[in-house]
file run_39.txt (compact mmCIF, C-alpha atoms and all ligand atoms)
# COMPACT_ATOMS: atom_id res chain seq x y z
CA MET A 1 10.68 -37.48 -9.88
CA ASP A 2 9.70 -35.98 -6.55
CA ALA A 3 7.92 -32.67 -6.24
CA MET A 4 11.10 -30.80 -5.48
CA GLU A 5 12.91 -32.08 -8.56
CA LYS A 6 9.92 -31.24 -10.68
CA ALA A 7 9.83 -27.73 -9.25
CA LYS A 8 13.51 -27.25 -9.96
CA ASN A 9 13.02 -28.29 -13.53
CA ILE A 10 10.16 -25.90 -14.01
CA ILE A 11 11.84 -22.94 -12.47
CA LEU A 12 15.24 -23.41 -13.95
CA SER A 13 13.94 -23.50 -17.49
CA ARG A 14 15.96 -20.94 -19.37
CA LYS A 15 13.03 -18.78 -20.28
CA VAL A 16 12.05 -18.15 -16.70
CA VAL A 17 15.54 -17.47 -15.46
CA ARG A 18 15.94 -14.94 -18.25
CA ALA A 19 12.63 -13.35 -17.34
CA VAL A 20 13.57 -13.10 -13.73
CA LEU A 21 17.02 -11.74 -14.46
CA TRP A 22 15.44 -9.11 -16.60
CA LEU A 23 12.91 -8.34 -13.93
CA ALA A 24 15.61 -7.71 -11.39
CA GLY A 25 17.41 -5.50 -13.86
CA VAL A 26 14.36 -3.34 -14.11
CA LEU A 27 13.87 -3.25 -10.38
CA ALA A 28 17.55 -2.54 -9.96
CA ILE A 29 17.60 -3.56 -6.37
CA VAL A 30 20.26 -6.21 -5.97
CA ALA A 31 21.67 -8.53 -8.59
CA VAL A 32 19.55 -11.57 -9.06
CA VAL A 33 21.00 -14.95 -8.32
CA GLY A 34 18.26 -16.83 -10.05
CA VAL A 35 15.13 -18.46 -8.84
CA LEU A 36 15.47 -20.85 -5.99
CA VAL A 37 13.21 -23.59 -4.91
CA PHE A 38 11.60 -22.89 -1.63
CA SER A 39 13.14 -25.45 0.59
CA GLY A 40 10.94 -26.09 3.55
CA GLY A 41 8.86 -24.58 6.30
CA ARG A 42 8.92 -20.90 6.89
CA THR A 43 10.60 -19.74 10.05
CA ASP A 44 9.47 -16.84 12.13
CA SER A 45 11.68 -14.08 13.35
CA GLY A 46 12.87 -14.30 16.92
CA ASP A 47 15.81 -13.92 19.15
CA THR A 48 18.83 -14.73 17.03
CA ASP A 49 21.49 -13.14 19.16
CA LEU A 50 24.28 -15.43 20.21
CA VAL A 51 25.43 -14.46 23.63
CA SER A 52 28.98 -15.53 24.32
CA ASP A 53 30.82 -15.45 27.64
CA ASN A 54 31.87 -11.89 26.96
CA THR A 55 28.63 -10.55 25.53
CA THR A 56 25.35 -9.78 27.21
CA VAL A 57 22.19 -8.47 25.59
CA VAL A 58 19.80 -5.97 27.13
CA GLN A 59 16.31 -5.73 25.73
CA VAL A 60 15.13 -2.15 26.08
CA ALA A 61 12.02 -2.02 28.28
CA ALA A 62 9.48 0.70 29.02
CA GLY A 63 11.05 3.47 31.12
CA ASP A 64 14.59 2.58 30.05
CA THR A 65 16.89 5.31 28.83
CA LEU A 66 20.35 4.99 27.37
CA SER A 67 21.78 6.76 30.42
CA LYS A 68 20.08 4.40 32.81
CA ILE A 69 21.19 1.28 30.94
CA LEU A 70 24.77 2.54 30.62
CA ALA A 71 24.90 3.61 34.26
CA ASP A 72 23.70 0.14 35.25
CA LYS A 73 26.65 -1.24 33.30
CA GLY A 74 29.03 0.93 35.27
CA PHE A 75 29.70 3.73 32.79
CA SER A 76 30.64 7.14 34.18
CA GLY A 77 28.57 10.24 33.49
CA ALA A 78 31.27 11.56 31.19
CA ASP A 79 31.36 8.34 29.17
CA ILE A 80 27.58 8.25 28.95
CA ASN A 81 27.55 11.77 27.52
CA LYS A 82 30.25 10.88 24.99
CA ILE A 83 28.39 7.76 23.89
CA ALA A 84 25.04 9.55 23.63
CA ASP A 85 26.69 12.29 21.61
CA ILE A 86 28.37 9.98 19.14
CA LEU A 87 25.15 7.97 18.66
CA LYS A 88 23.31 11.17 17.86
CA THR A 89 25.85 12.62 15.47
CA LYS A 90 27.06 9.46 13.72
CA ALA A 91 24.01 7.22 13.73
CA ASN A 92 21.15 9.66 14.19
CA ILE A 93 19.97 7.78 17.26
CA THR A 94 18.49 10.04 19.91
CA GLY A 95 16.41 7.63 21.93
CA LEU A 96 15.62 4.00 22.54
CA ARG A 97 12.39 2.23 21.70
CA ALA A 98 10.97 -0.01 24.40
CA ASP A 99 10.43 -3.66 23.41
CA LYS A 100 12.12 -3.04 20.06
CA ASP A 101 15.72 -2.01 20.49
CA LYS A 102 18.36 -4.29 21.97
CA ILE A 103 21.84 -3.42 23.15
CA GLU A 104 24.78 -5.84 23.22
CA PHE A 105 27.66 -5.22 25.60
CA THR A 106 30.95 -6.93 24.88
CA ARG A 107 33.83 -7.07 27.32
CA ASP A 108 37.46 -7.43 26.46
CA GLY A 109 37.91 -10.61 28.44
CA GLY A 110 36.39 -11.94 31.64
CA PRO A 111 33.56 -10.42 33.69
CA ASP A 112 35.86 -7.88 35.37
CA THR A 113 37.32 -6.45 32.17
CA PRO A 114 35.92 -3.22 30.74
CA ILE A 115 33.17 -3.11 28.14
CA THR A 116 34.87 -2.16 24.88
CA LYS A 117 32.05 -2.70 22.44
CA ILE A 118 28.42 -1.62 22.52
CA THR A 119 26.14 -2.76 19.72
CA LEU A 120 22.71 -1.22 19.25
CA LEU A 121 20.20 -3.21 17.27
CA PRO A 122 17.48 -0.79 16.19
CA GLY A 123 15.36 -3.24 14.22
CA PRO A 124 16.43 -6.28 12.25
CA TRP A 125 18.13 -4.40 9.40
CA ARG A 126 20.61 -2.18 11.16
CA ARG A 127 23.45 -2.55 13.66
CA VAL A 128 25.23 0.35 15.24
CA GLU A 129 28.59 -0.64 16.68
CA LEU A 130 30.48 1.51 19.16
CA THR A 131 34.02 0.41 19.89
CA CYS A 132 36.39 1.84 22.43
CA ASP A 133 40.02 2.07 21.35
CA ASP A 134 43.04 1.79 23.63
CA GLY A 135 43.02 5.51 24.25
CA GLY A 136 39.44 5.37 25.57
CA VAL A 137 37.94 7.01 22.47
CA TRP A 138 34.60 5.65 21.23
CA ASN A 139 34.13 5.13 17.49
CA CYS A 140 30.82 4.51 15.78
CA ASN A 141 30.05 2.31 12.83
CA ALA A 142 26.46 2.02 11.51
CA ILE A 143 25.91 -1.06 9.38
CA ASP A 144 22.88 -1.79 7.22
CA ILE A 145 22.25 -5.51 7.19
CA GLU A 146 21.73 -6.87 3.71
CA ARG A 147 18.28 -8.22 3.06
CA ASP A 148 17.64 -11.29 1.04
CA THR A 149 14.27 -10.36 -0.42
CA ARG A 150 12.05 -13.01 -1.93
CA LEU A 151 8.82 -12.46 -3.79
CA VAL A 152 6.23 -15.01 -2.82
CA TYR A 153 2.83 -15.72 -4.29
CA ARG A 154 -0.38 -16.53 -2.45
CA GLN A 155 -3.80 -17.13 -3.91
CA GLY A 156 -7.14 -17.48 -2.25
CA GLU A 157 -10.83 -17.65 -2.83
CA ILE A 158 -13.78 -16.22 -0.94
CA LEU A 159 -16.03 -18.98 0.36
CA ASP A 160 -19.67 -18.76 1.39
CA GLY A 161 -20.07 -16.51 4.42
CA ASP A 162 -16.40 -15.60 4.26
CA SER A 163 -14.66 -12.29 4.70
CA PHE A 164 -11.60 -11.25 2.73
CA TYR A 165 -9.65 -11.33 5.97
CA LEU A 166 -10.57 -14.96 6.71
CA ALA A 167 -9.93 -16.03 3.13
CA GLY A 168 -6.60 -14.20 3.20
CA MET A 169 -5.52 -15.86 6.43
CA ARG A 170 -6.48 -19.24 4.98
CA ALA A 171 -4.33 -18.43 1.95
CA ASP A 172 -1.39 -17.87 4.32
CA ILE A 173 -1.20 -14.14 3.69
CA PRO A 174 0.22 -12.33 6.74
CA ALA A 175 -2.13 -9.91 8.51
CA GLY A 176 0.09 -6.90 7.76
CA ILE A 177 0.07 -7.68 4.05
CA LEU A 178 -3.72 -8.14 4.11
CA ALA A 179 -4.04 -4.72 5.75
CA ASP A 180 -1.96 -3.22 2.92
CA VAL A 181 -4.20 -4.91 0.34
CA TYR A 182 -7.28 -3.44 2.05
CA ASP A 183 -5.76 0.02 1.75
CA LEU A 184 -4.76 -0.50 -1.87
CA LEU A 185 -8.24 -1.64 -2.88
CA ALA A 186 -10.18 0.76 -0.66
CA PHE A 187 -11.39 2.87 -3.58
CA GLU A 188 -12.03 -0.19 -5.76
CA MET A 189 -14.28 -2.16 -3.53
CA ASP A 190 -16.15 -2.24 -0.29
CA PHE A 191 -14.84 -5.20 1.66
CA GLU A 192 -18.01 -5.32 3.75
CA ARG A 193 -20.51 -5.40 0.92
CA ASP A 194 -18.70 -6.30 -2.31
CA VAL A 195 -17.25 -9.66 -1.24
CA ARG A 196 -18.93 -12.73 -2.75
CA ALA A 197 -18.29 -16.45 -2.64
CA GLY A 198 -16.24 -17.57 -5.62
CA GLN A 199 -14.18 -14.38 -5.95
CA LYS A 200 -10.52 -15.22 -6.38
CA PHE A 201 -7.57 -13.10 -5.40
CA SER A 202 -3.82 -13.30 -5.40
CA VAL A 203 -1.04 -11.32 -3.79
CA VAL A 204 2.68 -11.19 -4.55
CA PHE A 205 4.64 -9.74 -1.66
CA GLU A 206 8.16 -9.49 -0.32
CA GLU A 207 9.56 -11.66 2.43
CA ASN A 208 12.85 -10.45 3.88
CA TYR A 209 15.39 -13.02 4.97
CA SER A 210 18.70 -12.78 6.70
CA ASN A 211 20.95 -15.85 6.91
CA ASN A 212 18.12 -17.98 5.47
CA LYS A 213 15.83 -16.98 8.27
CA LYS A 214 12.67 -15.03 7.59
CA ILE A 215 12.80 -11.73 9.46
CA ASP A 216 9.83 -9.74 8.23
CA ASN A 217 7.55 -8.95 5.31
CA GLY A 218 8.15 -6.14 2.86
CA SER A 219 5.73 -4.56 0.42
CA VAL A 220 2.86 -5.81 -1.69
CA ILE A 221 4.31 -6.15 -5.21
CA ALA A 222 1.19 -7.15 -7.12
CA VAL A 223 -2.42 -7.79 -6.25
CA SER A 224 -5.30 -9.17 -8.23
CA PHE A 225 -8.91 -9.33 -7.06
CA ASP A 226 -12.02 -10.49 -8.92
CA ALA A 227 -14.15 -7.58 -7.75
CA LEU A 228 -17.84 -7.19 -8.59
CA ARG A 229 -17.07 -4.67 -11.29
CA GLY A 230 -14.35 -6.78 -12.86
CA ASN A 231 -10.86 -7.98 -12.13
CA VAL A 232 -8.70 -5.36 -10.44
CA LYS A 233 -4.93 -5.65 -10.82
CA MET A 234 -2.27 -3.43 -9.31
CA TYR A 235 1.49 -3.48 -9.52
CA ARG A 236 4.01 -1.72 -7.34
CA TYR A 237 6.53 0.18 -9.43
CA ARG A 238 9.47 2.43 -8.66
CA LYS A 239 9.67 5.37 -11.03
CA SER A 240 12.91 6.86 -12.28
CA ASP A 241 12.68 9.50 -9.54
CA LYS A 242 12.68 6.57 -7.04
CA ILE A 243 9.13 7.30 -5.96
CA VAL A 244 7.05 4.16 -5.60
CA GLY A 245 3.44 3.89 -6.69
CA TYR A 246 0.82 1.34 -7.67
CA TYR A 247 -0.38 1.11 -11.25
CA ASP A 248 -2.96 -0.84 -13.21
CA PRO A 249 -1.80 -3.15 -16.03
CA ASP A 250 -1.85 -0.23 -18.47
CA GLY A 251 0.29 1.97 -16.27
CA ASN A 252 -2.43 4.24 -14.95
CA GLY A 253 -2.28 5.27 -11.32
CA ALA A 254 -4.12 2.46 -9.55
CA ILE A 255 -4.79 4.12 -6.23
CA LYS A 256 -8.11 5.51 -7.26
CA SER A 257 -9.39 8.63 -5.78
CA LEU A 258 -12.32 10.83 -6.60
CA LYS A 259 -12.30 13.12 -9.56
CA ARG A 260 -12.89 16.66 -8.43
CA THR A 261 -14.49 17.38 -11.80
CA PRO A 262 -16.41 14.28 -12.92
CA ILE A 263 -17.03 15.68 -16.41
CA ASN A 264 -13.63 16.52 -17.87
CA ASN A 265 -13.02 20.20 -18.50
CA ALA A 266 -16.52 21.24 -17.45
CA LYS A 267 -16.62 24.85 -16.33
CA VAL A 268 -17.62 25.63 -12.74
CA THR A 269 -20.67 27.89 -12.79
CA SER A 270 -21.37 27.92 -9.09
CA SER A 271 -18.97 27.01 -6.36
CA PHE A 272 -19.31 25.41 -2.96
CA SER A 273 -20.40 27.78 -0.26
CA THR A 274 -21.98 27.63 3.12
CA ARG A 275 -24.13 30.69 2.21
CA ARG A 276 -25.35 31.80 -1.20
CA LYS A 277 -28.49 33.24 -2.71
CA HIS A 278 -30.33 30.35 -4.32
CA PRO A 279 -31.09 31.16 -8.00
CA VAL A 280 -34.55 29.60 -7.89
CA LEU A 281 -35.60 29.96 -4.27
CA GLY A 282 -34.28 33.52 -4.05
CA PHE A 283 -33.17 33.33 -0.44
CA THR A 284 -29.79 32.64 1.00
CA ARG A 285 -28.88 29.04 1.68
CA ALA A 286 -25.84 26.86 1.53
CA HIS A 287 -24.73 25.43 -1.79
CA LYS A 288 -23.50 22.02 -0.76
CA GLY A 289 -21.86 21.17 -4.04
CA VAL A 290 -20.31 22.54 -7.19
CA ASP A 291 -22.19 23.22 -10.43
CA PHE A 292 -20.57 22.36 -13.74
CA ARG A 293 -21.89 23.66 -17.04
CA ALA A 294 -22.73 20.93 -19.52
CA SER A 295 -25.38 20.41 -22.13
CA THR A 296 -28.38 18.13 -21.67
CA GLY A 297 -27.53 14.52 -22.41
CA THR A 298 -23.81 14.77 -21.57
CA PRO A 299 -22.83 11.49 -19.87
CA ILE A 300 -22.04 11.84 -16.17
CA PRO A 301 -19.19 9.56 -15.12
CA ALA A 302 -18.85 8.24 -11.57
CA ALA A 303 -16.15 10.29 -9.85
CA GLY A 304 -14.73 7.12 -8.32
CA ALA A 305 -15.44 3.45 -8.03
CA GLY A 306 -18.10 2.59 -5.52
CA ARG A 307 -21.61 1.37 -4.94
CA VAL A 308 -24.83 3.19 -5.79
CA VAL A 309 -26.60 3.79 -2.50
CA ALA A 310 -29.43 6.04 -3.76
CA ARG A 311 -31.09 6.68 -7.09
CA GLY A 312 -34.28 8.66 -7.33
CA PHE A 313 -35.98 12.05 -7.49
CA ASN A 314 -36.42 14.81 -4.99
CA ARG A 315 -37.67 18.36 -5.37
CA GLY A 316 -34.27 20.00 -4.98
CA HIS A 317 -31.92 17.56 -6.70
CA GLY A 318 -34.32 16.31 -9.37
CA ASN A 319 -33.05 12.99 -10.67
CA PHE A 320 -30.00 12.14 -8.62
CA VAL A 321 -27.59 9.30 -7.94
CA LYS A 322 -25.54 8.88 -4.79
CA ILE A 323 -22.45 6.65 -4.68
CA ARG A 324 -20.61 5.35 -1.64
CA HIS A 325 -16.89 5.00 -2.42
CA ASN A 326 -15.43 3.80 0.83
CA LYS A 327 -15.91 4.26 4.54
CA THR A 328 -15.15 7.95 4.19
CA PHE A 329 -16.49 9.29 0.91
CA GLU A 330 -19.82 9.54 -0.91
CA THR A 331 -20.66 11.58 -4.00
CA LEU A 332 -23.98 12.83 -5.31
CA TYR A 333 -24.92 13.87 -8.85
CA ALA A 334 -28.09 15.93 -9.36
CA HIS A 335 -30.48 17.39 -11.98
CA MET A 336 -30.00 14.41 -14.33
CA SER A 337 -32.21 14.19 -17.40
CA LYS A 338 -32.10 10.41 -17.12
CA PHE A 339 -30.26 7.59 -15.42
CA ALA A 340 -27.87 5.23 -17.15
CA LYS A 341 -29.22 1.77 -17.89
CA ASN A 342 -28.35 -0.88 -15.31
CA VAL A 343 -27.42 1.66 -12.66
CA ASN A 344 -29.62 0.89 -9.69
CA VAL A 345 -29.33 1.02 -5.94
CA GLY A 346 -26.72 -1.60 -5.09
CA THR A 347 -24.91 -1.48 -8.44
CA ALA A 348 -21.12 -1.49 -8.17
CA VAL A 349 -19.69 1.10 -10.54
CA ARG A 350 -16.21 1.72 -11.91
CA GLN A 351 -14.55 5.09 -11.86
CA GLY A 352 -15.59 6.80 -15.07
CA GLN A 353 -18.62 4.59 -15.67
CA THR A 354 -21.61 6.59 -16.93
CA ILE A 355 -24.26 6.72 -14.23
CA GLY A 356 -26.65 9.23 -15.83
CA TYR A 357 -26.98 12.19 -18.17
CA VAL A 358 -26.93 15.93 -17.59
CA GLY A 359 -30.30 17.63 -17.36
CA SER A 360 -32.18 20.33 -15.51
CA THR A 361 -34.62 18.40 -13.33
CA GLY A 362 -35.43 19.63 -9.81
CA LEU A 363 -34.61 23.17 -8.71
CA SER A 364 -32.42 24.17 -11.60
CA THR A 365 -32.22 27.13 -13.93
CA GLY A 366 -30.62 25.27 -16.83
CA PRO A 367 -28.77 22.10 -17.73
CA HIS A 368 -25.80 21.49 -15.45
CA LEU A 369 -24.30 18.89 -13.18
CA HIS A 370 -24.60 19.59 -9.50
CA TYR A 371 -21.90 17.52 -7.80
CA GLU A 372 -21.54 16.91 -4.07
CA VAL A 373 -18.80 15.22 -2.11
CA ILE A 374 -19.71 13.95 1.34
CA LYS A 375 -16.88 13.10 3.69
CA ASP A 376 -17.75 11.26 6.91
CA GLY A 377 -21.35 12.37 6.48
CA LYS A 378 -20.48 16.06 6.00
CA HIS A 379 -20.61 18.02 2.76
CA VAL A 380 -17.20 19.25 1.70
CA ASN A 381 -15.92 21.31 -1.21
CA PRO A 382 -15.15 18.84 -4.05
CA LEU A 383 -12.56 21.21 -5.46
CA THR A 384 -10.52 21.60 -2.29
CA VAL A 385 -11.12 18.54 -0.10
CA LYS A 386 -7.94 16.56 0.54
CA LEU A 387 -8.01 13.37 -1.55
CA PRO A 388 -5.46 10.65 -2.21
CA ALA A 389 -3.47 11.74 -5.27
CA ILE A 390 -3.98 9.94 -8.57
CA ASP A 391 -0.47 9.26 -9.74
CA ASN A 392 -0.16 8.63 -13.48
CA LEU A 393 3.10 7.72 -15.21
CA ASP A 394 4.72 9.94 -17.81
CA ALA A 395 5.52 8.43 -21.22
CA THR A 396 9.06 7.27 -20.35
CA ASN A 397 8.06 5.69 -17.07
CA LYS A 398 5.00 4.14 -18.65
CA LYS A 399 7.08 2.40 -21.31
CA LYS A 400 9.44 1.02 -18.67
CA PHE A 401 6.55 0.02 -16.45
CA LEU A 402 4.85 -1.95 -19.25
CA GLU A 403 8.04 -3.92 -19.94
CA TYR A 404 8.51 -4.56 -16.23
CA ARG A 405 4.88 -5.58 -15.80
CA LYS A 406 5.05 -8.13 -18.64
CA THR A 407 8.15 -9.69 -17.12
CA LEU A 408 6.64 -9.75 -13.66
CA ASP A 409 3.46 -11.34 -15.07
CA LYS A 410 5.58 -14.05 -16.68
CA ALA A 411 7.35 -14.77 -13.41
CA ILE A 412 3.98 -14.77 -11.60
CA GLU A 413 2.71 -17.35 -14.12
CA GLU A 414 5.46 -19.66 -12.91
CA LEU A 415 4.53 -19.00 -9.31
CA VAL A 416 0.90 -19.79 -10.14
CA LYS A 417 2.00 -23.18 -11.49
CA ASN A 418 4.01 -23.79 -8.36
CA PRO A 419 3.15 -21.55 -5.42
CA LYS A 420 6.00 -23.02 -3.38
CA LEU A 421 8.54 -21.24 -5.56
CA PHE A 422 9.67 -17.69 -5.02
CA ILE A 423 11.51 -15.06 -6.98
CA GLN A 424 14.78 -14.07 -5.43
CA MET A 425 15.69 -10.44 -5.85
ZN ZN A 501 -25.76 23.15 -7.48
call {"tool": "encode", "arguments": {"input": "run_39.txt", "output": "structure tokens", "more": "lines below"}}
Ligand SMILES: [Zn+2]
result
Amino acid sequence: MDAMEKAKNIILSRKVVRAVLWLAGVLAIVAVVGVLVFSGGRTDSGDTDLVSDNTTVVQVAAGDTLSKILADKGFSGADINKIADILKTKANITGLRADKDKIEFTRDGGPDTPITKITLLPGPWRRVELTCDDGGVWNCNAIDIERDTRLVYRQGEILDGDSFYLAGMRADIPAGILADVYDLLAFEMDFERDVRAGQKFSVVFEENYSNNKKIDNGSVIAVSFDALRGNVKMYRYRKSDKIVGYYDPDGNGAIKSLKRTPINNAKVTSSFSTRRKHPVLGFTRAHKGVDFRASTGTPIPAAGAGRVVARGFNRGHGNFVKIRHNKTFETLYAHMSKFAKNVNVGTAVRQGQTIGYVGSTGLSTGPHLHYEVIKDGKHVNPLTVKLPAIDNLDATNKKKFLEYRKTLDKAIEELVKNPKLFIQM
């Protein structure tokens, strides 16, 4: 039995087909036709346009306008206006994009016959056809080209001295998909400092085909990364309101952010201000954070995943911990009575992990948490700074998500066994 036959047998086992059918039902995109065996080398997108005797193609270049291109083709000013108008009203096209859009001109017959069809190709998934009837009236028809979307699986491993980017390229993950993974995991890990040899990762993403030819990549559907603080998994999911988000295996919003209030429900006793009278020092100075009332010994959770970059004592902050979350954000927690065990400079922490306990060390009038958010090196108000939203699912969506996730996991298991297979949506 050759590899292909073997693959067919694996993937066509009834259980998997059922799982994949079910999966597509949940995704409700297009009816599933089953799981196909990947049948050869991948092809890149390119110029697919067949140019017949009667059809010529113009690639829009920098400086080109619709008027200029049409005038070059011999259209009158009146016709150009009519065509521009119909494109705007019927296809919402108001301009051309250099190096992206193409225009096909089709003549009735030989080179001296009039152009009766103009086809705009704004990207690979749309055609806008303008046809001229016998009376000289232009009609517009915008067609969305059906995508054949396949979910493919890639896995990789960080090697000694590697970066995630290099490991990802080696695993045959396209650069655009890698960039999306970076963004998805930005609050989970620091790709400059948290990458270690031996860490494994996998990505399931969409490849869009048309006529069996790969045109482009779609979205990241699932990602798994063995981060320092544990395995991180995320799944893309479309909620009943059609809004798409990424969720962890339990259905919690996976795009982590920072919690504005690290200790749940703690009352603000002093807000962020650039000028306030300091309760201990007595003179006016900025309050670069927010104070939350809490009793001594209350655990202080990390506001977001990150790496501890400072842990120590100073006269103002008392015992404090500072965490770097990503390139942009750091948080600082002050006046701790004590630090959590195993939280040292360099420790990677999860969101919600206890990093210390409330106290009144340093310049403090009583037990509270003083919390600072530092954005690009500048102190900002934790309660108002713009942060990525944490998007949690409601009960109904969560239930659906969990069913979907189990089915997707099952399909992924098959892809793990044979990475050359794909799931056809
Ligand atoms: Zn304070």
call {"tool": "residues_near_ligand", "arguments": {"input": "run_39.txt", "ligand": "ligand ZN 501 (chain A)", "cutoff": "9 Å", "atoms": "only C-alpha atoms and all ligand atoms", "output": "count of residues only"}}
result
20
call {"tool": "closest_residue", "arguments": {"input": "run_39.txt", "among": "A:Gly77, A:Asn342, A:Ile83, A:Ala61", "to": "A:Ala98", "atoms": "only C-alpha atoms"}}
result
A:Ala61
call {"tool": "residues_near_point", "arguments": {"input": "run_39.txt", "point": "(-34.8, 12.7, -4.2)", "cutoff": "12 Å", "atoms": "all atoms listed in the file", "output": "ChimeraX atom specification"}}
result
/A:310-322,332-336,361-363
call {"tool": "atom_distance", "arguments": {"input": "run_39.txt", "atom1": "atom CA of A:Ile300", "atom2": "atom CA of A:Lys267"}}
result
14.1 Å
call {"tool": "atom_distance", "arguments": {"input": "run_39.txt", "atom1": "atom CA of A:Ile93", "atom2": "atom CA of A:Ile115"}}
result
20.3 Å
call {"tool": "build_atoms", "arguments": {"input": "run_39.txt", "residues": "stretch 126-144 of chain A", "atoms": "N, CA and C atoms", "output": "compact mmCIF listing (two decimals), in the frame of the given file"}}
result
# COMPACT_ATOMS: atom_id res chain seq x y z
N ARG A 126 19.56 -3.15 10.88
CA ARG A 126 20.61 -2.18 11.16
C ARG A 126 21.33 -2.55 12.44
N ARG A 127 22.66 -2.41 12.44
CA ARG A 127 23.45 -2.55 13.66
C ARG A 127 24.29 -1.29 13.79
N VAL A 128 24.36 -0.79 14.99
CA VAL A 128 25.23 0.35 15.24
C VAL A 128 26.27 -0.09 16.26
N GLU A 129 27.53 -0.13 15.82
CA GLU A 129 28.59 -0.64 16.68
C GLU A 129 29.45 0.50 17.22
N LEU A 130 29.59 0.54 18.52
CA LEU A 130 30.48 1.51 19.16
C LEU A 130 31.65 0.73 19.73
N THR A 131 32.85 1.12 19.34
CA THR A 131 34.02 0.41 19.89
C THR A 131 34.95 1.42 20.56
N CYS A 132 35.51 0.96 21.65
CA CYS A 132 36.39 1.84 22.43
C CYS A 132 37.84 1.45 22.12
N ASP A 133 38.62 2.41 21.65
CA ASP A 133 40.02 2.07 21.35
C ASP A 133 40.88 2.15 22.62
N ASP A 134 42.15 1.84 22.46
CA ASP A 134 43.04 1.79 23.63
C ASP A 134 43.12 3.12 24.37
N GLY A 135 42.94 4.20 23.62
CA GLY A 135 43.02 5.51 24.25
C GLY A 135 41.73 5.93 24.92
N GLY A 136 40.71 5.04 24.92
CA GLY A 136 39.44 5.37 25.57
C GLY A 136 38.50 6.18 24.68
N VAL A 137 38.80 6.24 23.38
CA VAL A 137 37.94 7.01 22.47
C VAL A 137 36.93 6.06 21.82
N TRP A 138 35.66 6.47 21.84
CA TRP A 138 34.60 5.65 21.23
C TRP A 138 34.45 6.00 19.75
N ASN A 139 34.37 4.95 18.93
CA ASN A 139 34.13 5.13 17.49
C ASN A 139 32.81 4.45 17.13
N CYS A 140 32.16 5.00 16.14
CA CYS A 140 30.82 4.51 15.78
C CYS A 140 30.79 4.02 14.34
N ASN A 141 30.17 2.90 14.15
CA ASN A 141 30.05 2.31 12.83
C ASN A 141 28.62 1.80 12.64
N ALA A 142 27.85 2.45 11.75
CA ALA A 142 26.46 2.02 11.51
C ALA A 142 26.45 1.12 10.29
N ILE A 143 25.89 -0.07 10.46
CA ILE A 143 25.91 -1.06 9.38
C ILE A 143 24.48 -1.42 8.99
N ASP A 144 24.17 -1.30 7.70
CA ASP A 144 22.88 -1.79 7.22
C ASP A 144 23.03 -3.26 6.87
